[in-house]
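Here is data.cif, consisting of mmCIF, C-alpha atoms and all ligand atoms; chains and numbers go by the auth columns:
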data_query
loop_
_atom_site.group_PDB
_atom_site.id
_atom_site.type_symbol
_atom_site.label_atom_id
_atom_site.label_comp_id
_atom_site.label_asym_id
_atom_site.label_seq_id
_atom_site.Cartn_x
_atom_site.Cartn_y
_atom_site.Cartn_z
_atom_site.B_iso_or_equiv
_atom_site.auth_seq_id
_atom_site.auth_asym_id
ATOM 1 C CA MET A 1 105.055 104.980 122.911 0.00 22 L
ATOM 2 C CA HIS A 2 102.036 106.747 124.475 0.00 23 L
ATOM 3 C CA LYS A 3 100.652 108.066 121.167 0.00 24 L
ATOM 4 C CA ILE A 4 101.338 107.818 117.448 0.00 25 L
ATOM 5 C CA THR A 5 101.401 110.690 114.979 0.00 26 L
ATOM 6 C CA PHE A 6 100.556 110.772 111.291 0.00 27 L
ATOM 7 C CA PHE A 7 100.922 113.482 108.691 0.00 28 L
ATOM 8 C CA GLU A 8 97.569 115.231 108.186 0.00 29 L
ATOM 9 C CA ARG A 9 97.491 113.967 104.602 0.00 30 L
ATOM 10 C CA PHE A 10 96.956 110.386 105.891 0.00 31 L
ATOM 11 C CA GLU A 11 94.007 111.250 108.169 0.00 32 L
ATOM 12 C CA ALA A 12 91.170 110.664 105.698 0.00 33 L
ATOM 13 C CA ASP A 13 92.523 107.262 104.607 0.00 34 L
ATOM 14 C CA ILE A 14 92.965 106.171 108.221 0.00 35 L
ATOM 15 C CA LEU A 15 89.449 107.238 109.249 0.00 36 L
ATOM 16 C CA ALA A 16 87.966 105.549 106.172 0.00 37 L
ATOM 17 C CA GLY A 17 89.798 102.299 106.893 0.00 38 L
ATOM 18 C CA ARG A 18 91.772 102.549 103.631 0.00 39 L
ATOM 19 C CA LYS A 19 95.122 102.797 105.413 0.00 40 L
ATOM 20 C CA THR A 20 95.631 99.866 107.817 0.00 41 L
ATOM 21 C CA ILE A 21 99.404 99.797 108.268 0.00 42 L
ATOM 22 C CA THR A 22 102.164 102.247 108.932 0.00 43 L
ATOM 23 C CA LEU A 23 105.828 101.670 108.159 0.00 44 L
ATOM 24 C CA ARG A 24 108.124 103.184 110.794 0.00 45 L
ATOM 25 C CA ASP A 25 111.793 103.238 111.687 0.00 46 L
ATOM 26 C CA GLU A 26 113.261 101.676 114.833 0.00 47 L
ATOM 27 C CA SER A 27 112.624 104.826 116.900 0.00 48 L
ATOM 28 C CA GLU A 28 108.878 104.207 116.549 0.00 49 L
ATOM 29 C CA SER A 29 108.889 100.410 116.735 0.00 50 L
ATOM 30 C CA GLY A 30 108.090 100.269 120.438 0.00 51 L
ATOM 31 C CA VAL A 31 104.414 99.349 120.095 0.00 52 L
ATOM 32 C CA ILE A 32 102.846 96.049 121.117 0.00 53 L
ATOM 33 C CA ALA A 33 100.040 93.963 119.595 0.00 54 L
ATOM 34 C CA GLY A 34 96.861 94.562 121.577 0.00 55 L
ATOM 35 C CA GLN A 35 97.893 98.056 122.624 0.00 56 L
ATOM 36 C CA THR A 36 95.484 100.940 122.068 0.00 57 L
ATOM 37 C CA LEU A 37 97.009 104.294 121.097 0.00 58 L
ATOM 38 C CA PRO A 38 95.631 107.780 120.529 0.00 59 L
ATOM 39 C CA VAL A 39 96.412 109.124 117.071 0.00 60 L
ATOM 40 C CA HIS A 40 97.458 112.751 116.574 0.00 61 L
ATOM 41 C CA THR A 41 98.444 114.801 113.560 0.00 62 L
ATOM 42 C CA LEU A 42 102.148 115.559 113.388 0.00 63 L
ATOM 43 C CA GLU A 43 101.562 119.134 112.270 0.00 64 L
ATOM 44 C CA ALA A 44 99.141 120.326 114.973 0.00 65 L
ATOM 45 C CA ASP A 45 99.244 117.469 117.497 0.00 66 L
ATOM 46 C CA ARG A 46 95.441 117.231 117.033 0.00 67 L
ATOM 47 C CA TRP A 47 93.844 113.958 118.190 0.00 68 L
ATOM 48 C CA PHE A 48 91.646 112.363 115.509 0.00 69 L
ATOM 49 C CA CYS A 49 91.138 108.722 116.474 0.00 70 L
ATOM 50 C CA ASP A 50 92.313 105.787 118.549 0.00 71 L
ATOM 51 C CA ILE A 51 93.804 102.641 117.008 0.00 72 L
ATOM 52 C CA ARG A 52 94.461 99.133 118.235 0.00 73 L
ATOM 53 C CA ILE A 53 97.795 97.551 117.265 0.00 74 L
ATOM 54 C CA ILE A 54 97.260 94.190 115.571 0.00 75 L
ATOM 55 C CA ALA A 55 100.837 93.240 114.724 0.00 76 L
ATOM 56 C CA VAL A 56 104.381 94.589 114.465 0.00 77 L
ATOM 57 C CA GLN A 57 106.603 92.955 111.842 0.00 78 L
ATOM 58 C CA GLU A 58 110.095 93.754 110.638 0.00 79 L
ATOM 59 C CA VAL A 59 110.355 94.267 106.884 0.00 80 L
ATOM 60 C CA GLU A 60 113.143 95.244 104.478 0.00 81 L
ATOM 61 C CA PHE A 61 112.476 98.241 102.237 0.00 82 L
ATOM 62 C CA ASP A 62 113.457 96.166 99.170 0.00 83 L
ATOM 63 C CA ASP A 63 110.882 93.525 100.133 0.00 84 L
ATOM 64 C CA LEU A 64 107.919 95.927 100.171 0.00 85 L
ATOM 65 C CA SER A 65 105.245 94.596 97.821 0.00 86 L
ATOM 66 C CA ASP A 66 101.846 95.407 96.376 0.00 87 L
ATOM 67 C CA LYS A 67 100.396 93.993 99.601 0.00 88 L
ATOM 68 C CA GLU A 68 101.859 96.768 101.728 0.00 89 L
ATOM 69 C CA ALA A 69 101.020 99.308 99.033 0.00 90 L
ATOM 70 C CA GLN A 70 97.365 98.244 99.093 0.00 91 L
ATOM 71 C CA GLN A 71 97.357 98.434 102.911 0.00 92 L
ATOM 72 C CA GLU A 72 98.638 102.005 102.574 0.00 93 L
ATOM 73 C CA ASN A 73 96.134 102.863 99.814 0.00 94 L
ATOM 74 C CA MET A 74 99.003 103.648 97.445 0.00 95 L
ATOM 75 C CA THR A 75 100.784 102.161 94.457 0.00 96 L
ATOM 76 C CA LEU A 76 104.057 100.427 95.304 0.00 97 L
ATOM 77 C CA GLU A 77 105.968 103.205 93.487 0.00 98 L
ATOM 78 C CA GLN A 78 104.166 105.849 95.554 0.00 99 L
ATOM 79 C CA LEU A 79 104.786 103.964 98.810 0.00 100 L
ATOM 80 C CA LYS A 80 108.514 103.566 98.174 0.00 101 L
ATOM 81 C CA GLN A 81 108.800 107.278 97.284 0.00 102 L
ATOM 82 C CA VAL A 82 106.900 108.339 100.425 0.00 103 L
ATOM 83 C CA ILE A 83 109.002 106.137 102.709 0.00 104 L
ATOM 84 C CA GLN A 84 112.282 107.406 101.229 0.00 105 L
ATOM 85 C CA GLU A 85 111.051 111.013 101.601 0.00 106 L
ATOM 86 C CA ILE A 86 110.242 110.387 105.285 0.00 107 L
ATOM 87 C CA TYR A 87 113.257 108.164 106.029 0.00 108 L
ATOM 88 C CA PRO A 88 115.993 108.888 103.431 0.00 109 L
ATOM 89 C CA GLY A 89 118.242 105.858 102.873 0.00 110 L
ATOM 90 C CA ILE A 90 116.271 103.559 105.181 0.00 111 L
ATOM 91 C CA THR A 91 116.552 99.802 104.566 0.00 112 L
ATOM 92 C CA HIS A 92 114.955 98.227 107.672 0.00 113 L
ATOM 93 C CA LEU A 93 111.386 99.056 108.645 0.00 114 L
ATOM 94 C CA TYR A 94 108.739 98.089 111.170 0.00 115 L
ATOM 95 C CA LYS A 95 105.329 97.298 109.669 0.00 116 L
ATOM 96 C CA ILE A 96 102.695 98.208 112.235 0.00 117 L
ATOM 97 C CA SER A 97 99.262 96.795 111.406 0.00 118 L
ATOM 98 C CA PHE A 98 96.328 98.487 113.126 0.00 119 L
ATOM 99 C CA GLU A 99 92.560 98.816 113.251 0.00 120 L
ATOM 100 C CA LEU A 100 90.320 101.689 114.232 0.00 121 L
ATOM 101 C CA CYS A 101 88.867 101.423 117.742 0.00 122 L
HETATM 102 C C1 LIG B . 104.389 111.459 111.033 0.00 201 D
HETATM 103 C C2 LIG B . 104.028 110.347 110.094 0.00 201 D
HETATM 104 O O1 LIG B . 102.971 110.308 109.491 0.00 201 D
HETATM 105 N N1 LIG B . 104.904 109.373 109.936 0.00 201 D
HETATM 106 C C3 LIG B . 104.689 108.263 109.154 0.00 201 D
HETATM 107 C C4 LIG B . 105.787 107.574 108.721 0.00 201 D
HETATM 108 C C5 LIG B . 105.591 106.471 107.959 0.00 201 D
HETATM 109 N N2 LIG B . 104.337 106.078 107.651 0.00 201 D
HETATM 110 C C6 LIG B . 103.253 106.764 108.100 0.00 201 D
HETATM 111 O O2 LIG B . 102.080 106.352 107.829 0.00 201 D
HETATM 112 N N3 LIG B . 103.423 107.876 108.856 0.00 201 D
#

Can the structure from this file be put into structure tokens for me?
Amino acid sequence: MHKITFFERFEADILAGRKTITLRDESESGVIAGQTLPVHTLEADRWFCDIRIIAVQEVEFDDLSDKEAQQENMTLEQLKQVIQEIYPGITHLYKISFELC
């Protein structure tokens, strides 16, 4: 992956450091700890920051906990609803931890 995109609605939380992970499917799991990526909005492909990948971990949807919810600045109920809206029926996810550059 040469960039990563986020929905515009996540931008403020990312820039404020309130969102520090992103849960992706296998198609977007090809990132490596230590890698720096430009971040663009999905809707307009507008760059808004660079991030450094800290870790990539496999996680089962049913094992998502308050920890991941807090890292997403959501409740666990909100996080599970958002993930199912983005990836209907998904069971296996890739938890990408990142920091702002
Ligand atoms: C485009 C986009 O924002 N995709 C996703 C999917 C899962 N989590 C996330 O933060 N962003």

Specify as number ranges by chain each residue included when the PyMOL selection byres (((not hetatm)) within 12 of (chain D and resi 201)) is applied to this file. L: 24-35, 39-50, 60-66, 89-90, 92-95, 100-109, 111, 114-119

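Each of L:Leu121, L:Gly38, L:His113, L:Gln56 was checked against L:Val80 using all atoms listed in the file; the smallest atom-to-atom distance is that of L:His113.
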
List as JSON, numbers by chain: which residues have an atom within 12 Å of (87.1, 97.3, 117.1), counting all atoms listed in the file? {"L": [38, 55, 57, 71, 72, 73, 74, 75, 119, 120, 121, 122]}

Between atom CA of L:Cys70 and atom CA of L:Leu58, what is the distance, to one decimal in Å? 8.7 Å

Please, what distance in Å, to one decimal, runs between atom CA of L:Met22 and atom CA of L:Gln91? 25.9 Å
